[in-house]
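One file, work_25.cif, is given below (mmCIF, C-alpha atoms).
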data_entry
loop_
_atom_site.label_atom_id
_atom_site.label_comp_id
_atom_site.auth_asym_id
_atom_site.auth_seq_id
_atom_site.Cartn_x
_atom_site.Cartn_y
_atom_site.Cartn_z
CA MET A 1321 -22.87 0.70 27.19
CA SER A 1322 -23.58 -0.21 23.57
CA THR A 1323 -21.03 0.10 20.77
CA PHE A 1324 -22.84 3.17 19.50
CA GLY A 1325 -22.90 4.70 22.93
CA MET A 1326 -19.16 4.09 23.35
CA THR A 1327 -18.46 5.51 19.92
CA GLY A 1328 -20.52 8.58 20.71
CA ALA A 1329 -18.89 9.11 24.09
CA THR A 1330 -15.34 8.81 22.71
CA LEU A 1331 -16.15 10.98 19.73
CA TYR A 1332 -17.71 13.63 21.98
CA LYS A 1333 -14.61 13.60 24.19
CA ASP A 1334 -12.29 13.97 21.20
CA LEU A 1335 -14.31 16.77 19.68
CA ARG A 1336 -14.44 18.60 23.00
CA MET A 1337 -10.68 18.27 23.43
CA GLU A 1338 -10.13 19.48 19.90
CA TRP A 1339 -12.55 22.38 20.41
CA ARG A 1340 -10.56 23.52 23.44
CA SER A 1341 -7.04 22.99 22.13
CA LYS A 1342 -7.60 23.25 18.34
CA ASP A 1343 -4.25 21.47 17.94
CA ALA A 1344 -5.14 19.27 15.00
CA ILE A 1345 -7.18 21.75 13.01
CA ASN A 1346 -4.71 24.62 13.42
CA SER A 1347 -1.68 22.61 12.40
CA MET A 1348 -3.59 21.08 9.46
CA LEU A 1349 -4.90 24.43 8.29
CA PHE A 1350 -1.55 26.14 8.39
CA PHE A 1351 0.12 23.19 6.72
CA ALA A 1352 -2.46 23.08 3.92
CA LEU A 1353 -2.19 26.84 3.48
CA LEU A 1354 1.57 26.51 3.06
CA VAL A 1355 1.12 23.77 0.49
CA VAL A 1356 -1.37 25.90 -1.49
CA VAL A 1357 0.97 28.89 -1.50
CA ILE A 1358 4.02 26.83 -2.44
CA PHE A 1359 2.12 25.08 -5.23
CA SER A 1360 0.90 28.36 -6.66
CA PHE A 1361 4.51 29.58 -6.78
CA ALA A 1362 5.63 26.32 -8.36
CA PHE A 1363 2.99 26.49 -11.10
CA THR A 1364 1.37 29.73 -12.24
CA PRO A 1365 -1.49 28.34 -14.29
CA THR A 1366 -4.20 30.13 -16.25
CA ALA A 1367 -7.83 29.54 -15.27
CA GLU A 1368 -8.16 26.89 -17.98
CA GLU A 1369 -4.97 25.05 -17.01
CA SER A 1370 -5.77 25.15 -13.33
CA ARG A 1371 -8.96 23.19 -13.94
CA HIS A 1372 -6.79 20.34 -15.15
CA ILE A 1373 -4.20 20.39 -12.38
CA VAL A 1374 -6.10 21.59 -9.34
CA GLY A 1375 -7.66 18.15 -8.68
CA GLY A 1376 -4.19 16.83 -8.04
CA LEU A 1377 -3.07 19.84 -6.01
CA VAL A 1378 -6.13 19.87 -3.76
CA TRP A 1379 -5.94 16.21 -2.86
CA VAL A 1380 -2.21 16.11 -2.37
CA ALA A 1381 -2.53 19.12 -0.07
CA PHE A 1382 -5.37 17.49 1.88
CA LEU A 1383 -3.54 14.17 2.07
CA PHE A 1384 -0.42 15.78 3.53
CA ALA A 1385 -2.46 17.90 5.90
CA ALA A 1386 -4.53 14.91 7.01
CA VAL A 1387 -1.35 13.06 7.97
CA VAL A 1388 -0.61 15.87 10.44
CA ALA A 1389 -3.94 15.29 12.21
CA LEU A 1390 -3.81 11.52 11.90
CA ASN A 1391 -0.47 11.39 13.67
CA GLN A 1392 -2.01 13.12 16.68
CA THR A 1393 -4.94 10.70 16.88
CA TRP A 1394 -3.37 8.18 19.16
CA ALA A 1395 -0.47 10.18 20.60
CA ARG A 1396 -3.05 11.85 22.85
CA GLU A 1397 -4.09 8.49 24.27
CA LEU A 1398 -0.55 7.38 25.10
CA ARG A 1399 -0.17 10.04 27.77
CA ASN A 1400 -1.32 8.74 31.16
CA GLN A 1401 -1.68 5.24 29.65
CA VAL A 1402 -5.22 5.95 28.42
CA LEU A 1403 -4.81 3.38 25.65
CA ASP A 1404 -3.79 0.69 28.15
CA ALA A 1405 -6.78 1.56 30.29
CA TYR A 1406 -8.96 1.22 27.22
CA ARG A 1407 -7.50 -2.20 26.49
CA VAL A 1408 -8.31 -3.61 29.90
CA SER A 1409 -11.80 -2.10 29.87
CA PRO A 1410 -14.65 -4.23 28.46
CA ALA A 1411 -15.45 -1.52 25.86
CA PRO A 1412 -15.45 -2.88 22.28
CA ALA A 1413 -12.27 -1.98 20.40
CA ASN A 1414 -14.16 -1.09 17.25
CA ALA A 1415 -16.14 1.59 19.09
CA LEU A 1416 -12.86 3.32 19.84
CA PHE A 1417 -11.71 2.92 16.25
CA LEU A 1418 -14.94 4.26 14.79
CA ALA A 1419 -14.89 7.24 17.14
CA LYS A 1420 -11.33 8.09 16.16
CA ALA A 1421 -12.04 7.64 12.46
CA LEU A 1422 -15.19 9.77 12.63
CA GLY A 1423 -13.34 12.42 14.61
CA ASN A 1424 -10.57 12.59 12.01
CA PHE A 1425 -13.17 12.61 9.27
CA LEU A 1426 -14.85 15.66 10.80
CA PHE A 1427 -11.52 17.46 11.26
CA VAL A 1428 -10.48 16.86 7.65
CA VAL A 1429 -13.93 17.84 6.32
CA VAL A 1430 -13.76 21.10 8.28
CA LEU A 1431 -10.28 21.67 6.87
CA GLU A 1432 -11.54 21.06 3.35
CA ALA A 1433 -14.48 23.41 3.82
CA LEU A 1434 -12.10 26.14 4.96
CA MET A 1435 -9.50 25.50 2.28
CA VAL A 1436 -11.74 25.19 -0.78
CA PRO A 1437 -12.49 28.96 -0.96
CA LEU A 1438 -8.75 29.61 -0.95
CA PHE A 1439 -8.22 27.24 -3.85
CA VAL A 1440 -11.07 28.91 -5.73
CA VAL A 1441 -9.51 32.33 -5.19
CA PHE A 1442 -5.88 31.42 -5.84
CA TYR A 1443 -6.54 29.31 -8.92
CA GLN A 1444 -9.54 31.22 -10.35
CA LEU A 1445 -11.61 28.07 -10.33
CA ARG A 1446 -15.00 27.69 -11.93
CA SER A 1447 -16.39 24.21 -12.32
CA VAL A 1448 -17.82 23.16 -15.68
CA GLY A 1449 -19.48 20.02 -14.30
CA PRO A 1450 -22.07 19.89 -11.47
CA VAL A 1451 -20.64 21.03 -8.13
CA TRP A 1452 -22.72 18.65 -5.99
CA GLN A 1453 -20.73 15.76 -7.45
CA LEU A 1454 -17.59 17.32 -6.01
CA LEU A 1455 -19.22 17.10 -2.60
CA VAL A 1456 -19.83 13.35 -3.05
CA VAL A 1457 -16.24 12.83 -4.18
CA ALA A 1458 -14.95 14.86 -1.24
CA LEU A 1459 -16.95 12.90 1.34
CA LEU A 1460 -16.10 9.46 -0.09
CA GLY A 1461 -12.48 10.41 -0.69
CA THR A 1462 -11.98 11.88 2.76
CA TRP A 1463 -13.38 8.77 4.40
CA ALA A 1464 -11.08 6.64 2.23
CA LEU A 1465 -8.02 8.55 3.46
CA VAL A 1466 -9.15 8.85 7.05
CA VAL A 1467 -10.31 5.30 7.74
CA ASN A 1468 -7.02 3.77 6.62
CA GLY A 1469 -5.09 6.68 8.08
CA THR A 1470 -6.61 6.16 11.52
CA PHE A 1471 -5.83 2.46 11.35
CA PHE A 1472 -2.26 2.97 10.16
CA ALA A 1473 -1.71 5.66 12.77
CA ALA A 1474 -2.51 2.98 15.35
CA LEU A 1475 0.13 0.78 13.69
CA SER A 1476 2.78 3.46 13.40
CA ILE A 1477 2.35 4.69 16.99
CA ARG A 1478 3.83 1.36 18.04
CA THR A 1479 6.93 1.60 15.89
CA ARG A 1480 10.19 3.30 16.73
CA SER A 1481 9.91 6.20 14.29
CA ARG A 1482 6.28 7.10 14.95
CA GLU A 1483 5.57 10.15 12.85
CA ILE A 1484 7.64 9.09 9.85
CA MET A 1485 6.09 5.65 9.64
CA LEU A 1486 2.50 6.75 8.94
CA PRO A 1487 2.96 8.24 5.45
CA LEU A 1488 5.30 5.40 4.51
CA ILE A 1489 2.60 2.80 5.03
CA LEU A 1490 -0.46 4.94 4.26
CA PHE A 1491 0.54 6.37 0.88
CA PRO A 1492 1.15 3.10 -1.04
CA ILE A 1493 -2.20 1.65 0.05
CA SER A 1494 -3.99 4.94 -0.69
CA ILE A 1495 -2.75 5.21 -4.28
CA PRO A 1496 -5.99 3.91 -5.89
CA ALA A 1497 -8.13 6.15 -3.66
CA LEU A 1498 -5.99 9.16 -4.47
CA LEU A 1499 -6.13 8.33 -8.16
CA GLY A 1500 -9.92 8.11 -7.90
CA MET A 1501 -10.28 11.42 -6.07
CA VAL A 1502 -7.94 13.30 -8.38
CA ASP A 1503 -9.43 11.92 -11.57
CA ALA A 1504 -13.02 12.38 -10.41
CA THR A 1505 -12.31 15.97 -9.38
CA THR A 1506 -10.62 16.74 -12.68
CA SER A 1507 -13.47 15.13 -14.64
CA ILE A 1508 -16.04 17.25 -12.82
CA LEU A 1509 -14.07 20.50 -12.99
CA THR A 1510 -13.34 20.20 -16.68
CA GLY A 1511 -16.69 18.58 -17.51
CA GLU A 1512 -14.87 16.42 -20.06
CA ALA A 1513 -15.63 12.99 -18.63
CA SER A 1514 -18.09 11.30 -16.33
CA PRO A 1515 -16.83 10.73 -12.77
CA ASP A 1516 -19.29 7.86 -12.21
CA PHE A 1517 -16.70 5.09 -12.34
CA TRP A 1518 -14.47 6.86 -9.85
CA ILE A 1519 -17.33 7.57 -7.45
CA LYS A 1520 -18.28 3.89 -7.52
CA MET A 1521 -14.64 2.89 -7.13
CA LEU A 1522 -14.26 5.17 -4.09
CA ALA A 1523 -17.44 3.70 -2.59
CA VAL A 1524 -16.07 0.17 -3.07
CA TYR A 1525 -12.73 1.22 -1.60
CA ASP A 1526 -14.49 2.72 1.42
CA VAL A 1527 -16.62 -0.36 2.06
CA VAL A 1528 -13.74 -2.81 1.60
CA PHE A 1529 -11.24 -0.99 3.76
CA THR A 1530 -13.72 -0.02 6.48
CA SER A 1531 -14.51 -3.73 6.81
CA VAL A 1532 -10.83 -4.72 6.88
CA CYS A 1533 -10.13 -2.04 9.51
CA LEU A 1534 -12.98 -3.19 11.72
CA LEU A 1535 -11.90 -6.82 11.35
CA LEU A 1536 -8.29 -6.20 12.30
CA PHE A 1537 -8.40 -3.29 14.73
CA GLU A 1538 -8.88 -5.38 17.83
CA SER A 1539 -5.76 -7.47 17.07
CA VAL A 1540 -3.72 -4.34 16.50
CA LEU A 1541 -4.98 -2.63 19.64
CA ASN A 1542 -4.07 -5.67 21.72
CA ALA A 1543 -0.73 -6.35 20.02
CA GLU A 1544 1.91 -7.03 22.65
CA MET B 1420 12.91 -32.04 5.92
CA LYS B 1421 16.62 -31.31 5.65
CA SER B 1422 17.25 -34.51 3.70
CA VAL B 1423 14.79 -33.33 1.05
CA PHE B 1424 16.02 -29.75 0.96
CA ILE B 1425 19.63 -30.30 -0.15
CA PRO B 1426 18.69 -32.46 -3.19
CA PHE B 1427 16.02 -29.87 -4.00
CA VAL B 1428 18.64 -27.10 -4.04
CA VAL B 1429 20.86 -29.20 -6.31
CA LEU B 1430 17.92 -29.90 -8.59
CA THR B 1431 17.04 -26.18 -8.68
CA VAL B 1432 20.57 -25.20 -9.65
CA GLY B 1433 20.50 -27.79 -12.41
CA LEU B 1434 17.11 -26.61 -13.60
CA LEU B 1435 18.22 -23.00 -13.61
CA ALA B 1436 21.30 -23.84 -15.66
CA PHE B 1437 19.24 -25.86 -18.12
CA SER B 1438 16.51 -23.26 -18.53
CA THR B 1439 19.02 -20.42 -18.89
CA TYR B 1440 20.76 -22.39 -21.65
CA GLN B 1441 17.38 -23.01 -23.28
CA ALA B 1442 16.41 -19.34 -23.08
CA LEU B 1443 19.69 -18.01 -24.45
CA PHE B 1444 20.60 -20.57 -27.10
CA VAL B 1445 17.74 -22.95 -27.90
CA ALA B 1446 14.68 -20.69 -28.04
CA PRO B 1447 14.12 -19.24 -31.54
CA THR B 1448 14.91 -15.56 -32.02
CA GLU B 1449 11.79 -13.43 -32.21
CA GLN B 1450 11.13 -11.99 -35.68
CA THR B 1451 10.47 -8.32 -34.97
CA MET B 1452 11.98 -7.77 -31.54
CA GLY B 1453 15.15 -9.80 -32.03
CA GLU B 1454 17.41 -10.98 -29.23
CA VAL B 1455 16.01 -8.58 -26.64
CA GLN B 1456 12.83 -10.65 -26.54
CA ARG B 1457 14.78 -13.31 -24.63
CA ILE B 1458 14.43 -11.18 -21.50
CA PHE B 1459 10.84 -12.41 -21.56
CA TYR B 1460 12.10 -15.74 -20.17
CA TYR B 1461 13.31 -13.96 -17.03
CA HIS B 1462 10.78 -11.18 -16.80
CA VAL B 1463 7.56 -13.16 -16.78
CA PRO B 1464 8.76 -16.04 -14.54
CA SER B 1465 10.03 -13.42 -12.07
CA ALA B 1466 6.64 -11.72 -12.08
CA TRP B 1467 4.95 -15.06 -11.52
CA THR B 1468 7.30 -15.95 -8.65
CA ALA B 1469 6.79 -12.53 -7.06
CA GLY B 1470 3.05 -13.11 -7.27
CA VAL B 1471 3.41 -16.52 -5.63
CA CYS B 1472 5.53 -15.00 -2.86
CA PHE B 1473 2.99 -12.24 -2.15
CA PHE B 1474 0.21 -14.78 -2.08
CA VAL B 1475 2.19 -16.92 0.38
CA ASN B 1476 2.75 -13.74 2.41
CA PHE B 1477 -0.98 -13.10 2.56
CA LEU B 1478 -1.83 -16.68 3.55
CA ALA B 1479 0.92 -16.76 6.19
CA SER B 1480 -0.25 -13.41 7.60
CA VAL B 1481 -3.86 -14.53 7.88
CA LEU B 1482 -2.65 -17.77 9.46
CA TYR B 1483 -0.59 -15.75 11.92
CA LEU B 1484 -3.56 -13.57 12.89
CA TRP B 1485 -5.54 -16.73 13.48
CA LYS B 1486 -3.01 -19.07 15.13
CA ARG B 1487 -0.40 -16.62 16.44
CA ASN B 1488 2.51 -19.01 15.79
CA ALA B 1489 6.07 -17.93 15.10
CA ALA B 1490 6.39 -20.20 12.06
CA SER B 1491 3.74 -18.47 9.96
CA ASP B 1492 5.15 -15.06 10.85
CA ALA B 1493 8.62 -16.19 9.78
CA LEU B 1494 7.15 -17.47 6.53
CA ALA B 1495 5.39 -14.13 5.98
CA ALA B 1496 8.63 -12.23 6.52
CA ALA B 1497 10.57 -14.56 4.23
CA SER B 1498 8.03 -14.52 1.42
CA ALA B 1499 7.70 -10.71 1.47
CA GLU B 1500 11.46 -10.26 1.15
CA VAL B 1501 11.85 -12.78 -1.64
CA GLY B 1502 8.76 -11.34 -3.36
CA VAL B 1503 10.15 -7.81 -3.28
CA MET B 1504 13.40 -9.16 -4.72
CA PHE B 1505 11.63 -10.82 -7.67
CA CYS B 1506 9.38 -7.79 -8.13
CA THR B 1507 12.52 -5.64 -8.37
CA VAL B 1508 13.83 -7.96 -11.08
CA VAL B 1509 10.55 -7.48 -12.95
CA LEU B 1510 10.75 -3.70 -12.67
CA ILE B 1511 14.34 -3.67 -13.92
CA THR B 1512 14.02 -6.17 -16.77
CA GLY B 1513 10.77 -4.59 -17.99
CA PRO B 1514 12.22 -1.19 -18.98
CA ILE B 1515 15.31 -2.87 -20.49
CA TRP B 1516 12.94 -4.67 -22.84
CA ALA B 1517 10.59 -1.73 -23.34
CA ARG B 1518 13.28 0.72 -24.41
CA PRO B 1519 14.16 -0.98 -27.73
CA VAL B 1520 10.68 -2.41 -28.34
CA TRP B 1521 8.33 0.41 -27.33
CA GLY B 1522 10.91 3.17 -27.68
CA ILE B 1523 10.38 4.30 -24.09
CA TRP B 1524 11.61 3.07 -20.73
CA TRP B 1525 8.37 3.40 -18.92
CA THR B 1526 4.67 4.00 -19.53
CA TRP B 1527 1.88 4.32 -16.97
CA ASP B 1528 0.17 1.25 -18.32
CA ALA B 1529 -2.08 -0.85 -16.06
CA ARG B 1530 0.27 -3.75 -15.58
CA LEU B 1531 3.40 -1.63 -15.13
CA THR B 1532 1.76 0.70 -12.68
CA THR B 1533 0.17 -2.14 -10.71
CA THR B 1534 3.55 -3.85 -10.40
CA LEU B 1535 5.13 -0.62 -9.21
CA VAL B 1536 2.39 -0.04 -6.62
CA LEU B 1537 2.70 -3.67 -5.52
CA TRP B 1538 6.41 -3.14 -5.04
CA LEU B 1539 5.78 0.05 -3.04
CA ILE B 1540 3.25 -1.71 -0.80
CA TYR B 1541 5.56 -4.59 0.03
CA VAL B 1542 8.56 -2.32 0.54
CA SER B 1543 6.45 -0.40 3.05
CA TYR B 1544 5.67 -3.76 4.67
CA LEU B 1545 9.39 -4.48 5.03
CA VAL B 1546 9.98 -0.97 6.40
CA LEU B 1547 7.25 -1.53 9.00
CA ARG B 1548 8.83 -4.83 10.02
CA ARG B 1549 12.18 -3.15 10.38
CA PHE B 1550 10.95 -0.21 12.45
CA SER B 1551 8.72 -2.01 14.89
CA SER B 1552 10.14 -3.84 17.83
CA GLY B 1553 9.36 -6.66 20.19
CA GLY B 1554 6.34 -8.87 19.94
CA GLN B 1555 4.25 -6.21 18.20
CA THR B 1556 6.01 -6.59 14.85
CA GLN B 1557 4.18 -9.77 13.91
CA VAL B 1558 0.65 -8.47 14.45
CA LEU B 1559 1.32 -5.07 12.86
CA ALA B 1560 3.00 -6.65 9.86
CA ALA B 1561 0.26 -9.23 9.43
CA ALA B 1562 -2.40 -6.50 9.50
CA LEU B 1563 -0.55 -4.47 6.89
CA ALA B 1564 -0.11 -7.57 4.73
CA VAL B 1565 -3.87 -8.06 4.63
CA PHE B 1566 -4.36 -4.41 3.61
CA GLY B 1567 -1.73 -4.72 0.91
CA PHE B 1568 -3.20 -7.85 -0.57
CA VAL B 1569 -6.75 -6.47 -0.57
CA ASP B 1570 -5.48 -3.32 -2.26
CA VAL B 1571 -3.94 -5.04 -5.28
CA PRO B 1572 -7.15 -5.83 -7.24
CA ILE B 1573 -8.47 -2.31 -6.52
CA VAL B 1574 -5.22 -0.82 -7.81
CA TYR B 1575 -5.37 -2.91 -10.96
CA MET B 1576 -9.02 -2.12 -11.61
CA SER B 1577 -8.60 1.63 -11.08
CA ILE B 1578 -5.46 1.95 -13.16
CA ARG B 1579 -6.94 -0.07 -15.98
CA TRP B 1580 -9.86 2.33 -16.10
CA PHE B 1581 -7.50 5.29 -15.82
CA ARG B 1582 -5.55 4.08 -18.84
CA THR B 1583 -8.39 2.85 -20.98
CA GLN B 1584 -9.95 6.29 -20.69
CA HIS B 1585 -6.80 8.03 -21.86
CA PRO B 1586 -5.06 6.49 -24.86
CA SER B 1587 -1.51 5.43 -24.08
CA PRO B 1588 1.21 6.97 -26.25
CA VAL B 1589 3.32 4.03 -27.41
CA MET B 1590 1.79 0.60 -27.09
CA GLY B 1591 2.89 -0.89 -30.42
CA GLY B 1592 4.57 -4.05 -29.19
CA GLY B 1593 2.03 -5.37 -26.77
CA GLU B 1594 2.29 -8.77 -25.18
CA ASN B 1595 3.18 -11.89 -27.16
CA SER B 1596 -0.24 -13.06 -28.17
CA GLY B 1597 -0.02 -16.66 -29.26
CA LEU B 1598 3.47 -17.82 -28.37
CA ASP B 1599 5.46 -20.10 -30.69
CA PRO B 1600 5.43 -23.69 -29.28
CA ALA B 1601 9.24 -23.74 -29.16
CA MET B 1602 9.16 -20.54 -27.12
CA LEU B 1603 6.38 -21.81 -24.90
CA TYR B 1604 8.44 -24.90 -24.12
CA VAL B 1605 11.45 -22.83 -23.03
CA PHE B 1606 9.16 -20.46 -21.16
CA PHE B 1607 7.70 -23.27 -19.05
CA TRP B 1608 11.14 -24.55 -18.13
CA ASN B 1609 12.05 -21.07 -16.96
CA LEU B 1610 8.78 -20.72 -15.10
CA LEU B 1611 9.50 -23.95 -13.26
CA SER B 1612 13.11 -23.10 -12.42
CA PHE B 1613 12.26 -19.58 -11.21
CA THR B 1614 9.50 -20.95 -9.01
CA CYS B 1615 12.01 -23.43 -7.55
CA VAL B 1616 14.53 -20.65 -6.95
CA GLY B 1617 11.79 -18.68 -5.18
CA ILE B 1618 10.95 -21.67 -2.98
CA VAL B 1619 14.62 -22.30 -2.14
CA LEU B 1620 15.18 -18.66 -1.19
CA MET B 1621 12.01 -18.59 0.89
CA VAL B 1622 12.98 -21.74 2.78
CA ILE B 1623 16.48 -20.40 3.49
CA ARG B 1624 15.12 -17.04 4.60
CA TYR B 1625 12.46 -18.75 6.70
CA ARG B 1626 15.08 -20.80 8.53
CA LEU B 1627 17.18 -17.71 9.09
CA GLN B 1628 14.18 -15.90 10.54
CA MET B 1629 13.44 -18.78 12.90
CA LEU B 1630 17.10 -18.85 14.00
CA GLU B 1631 17.06 -15.09 14.58
CA GLU B 1632 14.03 -15.47 16.80
CA LYS B 1633 15.73 -18.25 18.76
CA VAL B 1634 18.81 -16.09 19.26
CA GLU B 1635 16.59 -13.21 20.38
CA ALA B 1636 14.77 -15.46 22.85
CA ALA B 1637 18.10 -16.82 24.14
CA HIS B 1638 19.33 -13.25 24.73
CA VAL B 1639 16.19 -12.41 26.65
CA THR B 1640 16.47 -15.55 28.78
CA ALA B 1641 20.15 -14.85 29.47
CA ALA B 1642 19.39 -11.26 30.46
CA LEU B 1643 16.60 -12.37 32.76
CA GLN B 1644 18.74 -15.01 34.45
CA GLY B 1645 21.64 -12.60 34.75
CA GLY B 1646 19.34 -10.08 36.41
CA ALA B 1647 18.10 -12.68 38.91
CA ARG B 1648 21.58 -13.61 40.06
#
Target format structure tokens, applied to this file:
Amino acid sequence: MSTFGMTGATLYKDLRMEWRSKDAINSMLFFALLVVVIFSFAFTPTAEESRHIVGGLVWVAFLFAAVVALNQTWARELRNQVLDAYRVSPAPANALFLAKALGNFLFVVVLEALMVPLFVVFYQLRSVGPVWQLLVVALLGTWALVVNGTFFAALSIRTRSREIMLPLILFPISIPALLGMVDATTSILTGEASPDFWIKMLAVYDVVFTSVCLLLFESVLNAE
Amino acid sequence: MKSVFIPFVVLTVGLLAFSTYQALFVAPTEQTMGEVQRIFYYHVPSAWTAGVCFFVNFLASVLYLWKRNAASDALAAASAEVGVMFCTVVLITGPIWARPVWGIWWTWDARLTTTLVLWLIYVSYLVLRRFSSGGQTQVLAAALAVFGFVDVPIVYMSIRWFRTQHPSPVMGGGENSGLDPAMLYVFFWNLLSFTCVGIVLMVIRYRLQMLEEKVEAAHVTAALQGGAR
């Protein structure tokens, strides 16, 4: 089977499992909802103020929620030694990685699509800049979080304190991506600055780290 | 190797004493900043040494991923620890200088923020090393080291843009542009001695790491033989 075929098969399996259990999406959704509610208690901004702060709130909420899903990525494969079976099979390691990353990407995008209306309602949002740019930022930004997150989840699953390890190694590396997402979102919402630099920066970040992930995943998967 | 190392340590101690004396007593006092400027002779060489350590860490990690030998992993571990130590020195001496000169302890300037993020990345590297066990540590750590190193230029680029867009509040002092020759002379002595201190610490830590691995292996062998009996 080709790499694409393997990726497709694994992705299809993951999506089907998620569709039946809805573990990842439910826990992410509820978690993000809690973050939104807590933030809106912590700050009670006016419509004008919220344009300036909501970029930060949205992405911090999505980042925290994504960690919940990312932690479950590989835990599922540890049961019944599925990961070991995968390692001895001739299937390319990167097909597995891509499938997992794409799966997480879809979960987080669905989460974002469901959460954005809530943010709009709770923070009385109305964008000054063009909304389609927000979509570009969201897609690039989500991939930036998810591709590294999937990789680091594979690292942290092998450590002693599994769930705690992921944010500890993911957040420092993700700082520039997060900065890009937050600043681009704020620039678009307020219409005060052009988000072009940040969109390019996120694209570079995505390309660079997707390459690094694909280069190193096989070594990490086979680490003894 | 050992016969070279001891004289090198002695030389480093001598160098450090000489350059400290130079920095505190010989170097001319800066006109506007006064005595506090002398922290520059520790701050910048520490930053340089931290940079060298992180670069060694990256090279050793790539070498480990390629060759899978214990020596390069030990070097990676040693250089990361020493690098974090020097980076901490940078982050502490910086604000001490900034407070009287800029009037604030901290500003989210490109270089300051990049150093802080660098520190965070390598602390997370050390945490990962600590929390993983067995033979996996080396590969996982080496992979993270590559990510960390690749991230640094992106961090710097993004934060520079972030700060050039928004004017920073207090940036009066700036960096010493065009250093006095007398100061430059002292600075280079300090640069040399700090680099030597970094090398000495890395070598000591590297040896310790190799010894730890030997002890670990000896324990495993003993346990296996005990089980067979």
Looking at B:Ser1480, B:Gln1644, B:Thr1556, B:Ser1491, which one is nearest to chain A, with distances taken over all atoms listed in the file?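 For chain A, the nearest of the given residues is B:Thr1556.
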Residues near Ile1495 of chain A, anyone? I mean within 10 Å using all atoms listed in the file, not counting same-chain ones fewer than 3 positions away, as a PyMOL selection string. (chain A and resi 1465+1490-1492+1498-1501) or (chain B and resi 1536+1540+1570+1573-1574+1577-1578)
Which residues are near Val1616 of chain B? Cut-off 9 Å, all atoms listed in the file, ignore same chain within fewer than 2 positions. Put them as an MDAnalysis selection string. chainID B and resid 1428 1431:1432 1435 1468 1611:1614 1618:1621
Check every residue of chain B for an atom within 9 Å of chain A, counting all atoms listed in the file, and provide those that qualify as a PyMOL selection string. chain B and resi 1484+1536-1537+1539-1541+1543-1544+1546-1560+1562-1563+1565-1567+1569-1571+1573-1578+1580-1581
Closest to Arg1336 of chain A among A:Pro1412, A:Gly1423, A:Gly1375, A:Leu1349, using all atoms listed in the file? A:Gly1423
What is the atom CA of Gly1325 of chain A-atom CA of Leu1418 of chain A distance in Å, reported with one decimal?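 Taking atom CA of Gly1325 of chain A as the start and atom CA of Leu1418 of chain A as the end point, the length is 11.4 Å.
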Extending 3 Å beyond the listed atoms of segment 1332-1339 of chain A on each side, what axis-aligned box results? I want centre and edge lengths in Å to one decimal, as AutoDock Vina command-line options.
--center_x -13.9 --center_y 18.0 --center_z 21.9 --size_x 13.6 --size_y 14.8 --size_z 10.5
Could you tell me which residues the PyMOL selection byres ((chain A and resi 1427) around 12) grabs in this file, written as a PyMOL selection string? chain A and resi 1331+1334-1335+1338-1339+1342-1349+1382+1385-1390+1392-1393+1420-1426+1428-1434+1462-1463+1466
Written selection (C-alpha atoms) as an mmCIF file, in the coordinates of the input:
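As a result, out.cif now contains:
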data_model
loop_
_atom_site.group_PDB
_atom_site.id
_atom_site.type_symbol
_atom_site.label_atom_id
_atom_site.label_comp_id
_atom_site.auth_asym_id
_atom_site.auth_seq_id
_atom_site.Cartn_x
_atom_site.Cartn_y
_atom_site.Cartn_z
ATOM 1 C CA LEU A 1331 -16.150 10.980 19.730
ATOM 2 C CA ASP A 1334 -12.290 13.970 21.200
ATOM 3 C CA LEU A 1335 -14.310 16.770 19.680
ATOM 4 C CA GLU A 1338 -10.130 19.480 19.900
ATOM 5 C CA TRP A 1339 -12.550 22.380 20.410
ATOM 6 C CA LYS A 1342 -7.600 23.250 18.340
ATOM 7 C CA ASP A 1343 -4.250 21.470 17.940
ATOM 8 C CA ALA A 1344 -5.140 19.270 15.000
ATOM 9 C CA ILE A 1345 -7.180 21.750 13.010
ATOM 10 C CA ASN A 1346 -4.710 24.620 13.420
ATOM 11 C CA SER A 1347 -1.680 22.610 12.400
ATOM 12 C CA MET A 1348 -3.590 21.080 9.460
ATOM 13 C CA LEU A 1349 -4.900 24.430 8.290
ATOM 14 C CA PHE A 1382 -5.370 17.490 1.880
ATOM 15 C CA ALA A 1385 -2.460 17.900 5.900
ATOM 16 C CA ALA A 1386 -4.530 14.910 7.010
ATOM 17 C CA VAL A 1387 -1.350 13.060 7.970
ATOM 18 C CA VAL A 1388 -0.610 15.870 10.440
ATOM 19 C CA ALA A 1389 -3.940 15.290 12.210
ATOM 20 C CA LEU A 1390 -3.810 11.520 11.900
ATOM 21 C CA GLN A 1392 -2.010 13.120 16.680
ATOM 22 C CA THR A 1393 -4.940 10.700 16.880
ATOM 23 C CA LYS A 1420 -11.330 8.090 16.160
ATOM 24 C CA ALA A 1421 -12.040 7.640 12.460
ATOM 25 C CA LEU A 1422 -15.190 9.770 12.630
ATOM 26 C CA GLY A 1423 -13.340 12.420 14.610
ATOM 27 C CA ASN A 1424 -10.570 12.590 12.010
ATOM 28 C CA PHE A 1425 -13.170 12.610 9.270
ATOM 29 C CA LEU A 1426 -14.850 15.660 10.800
ATOM 30 C CA VAL A 1428 -10.480 16.860 7.650
ATOM 31 C CA VAL A 1429 -13.930 17.840 6.320
ATOM 32 C CA VAL A 1430 -13.760 21.100 8.280
ATOM 33 C CA LEU A 1431 -10.280 21.670 6.870
ATOM 34 C CA GLU A 1432 -11.540 21.060 3.350
ATOM 35 C CA ALA A 1433 -14.480 23.410 3.820
ATOM 36 C CA LEU A 1434 -12.100 26.140 4.960
ATOM 37 C CA THR A 1462 -11.980 11.880 2.760
ATOM 38 C CA TRP A 1463 -13.380 8.770 4.400
ATOM 39 C CA VAL A 1466 -9.150 8.850 7.050
#
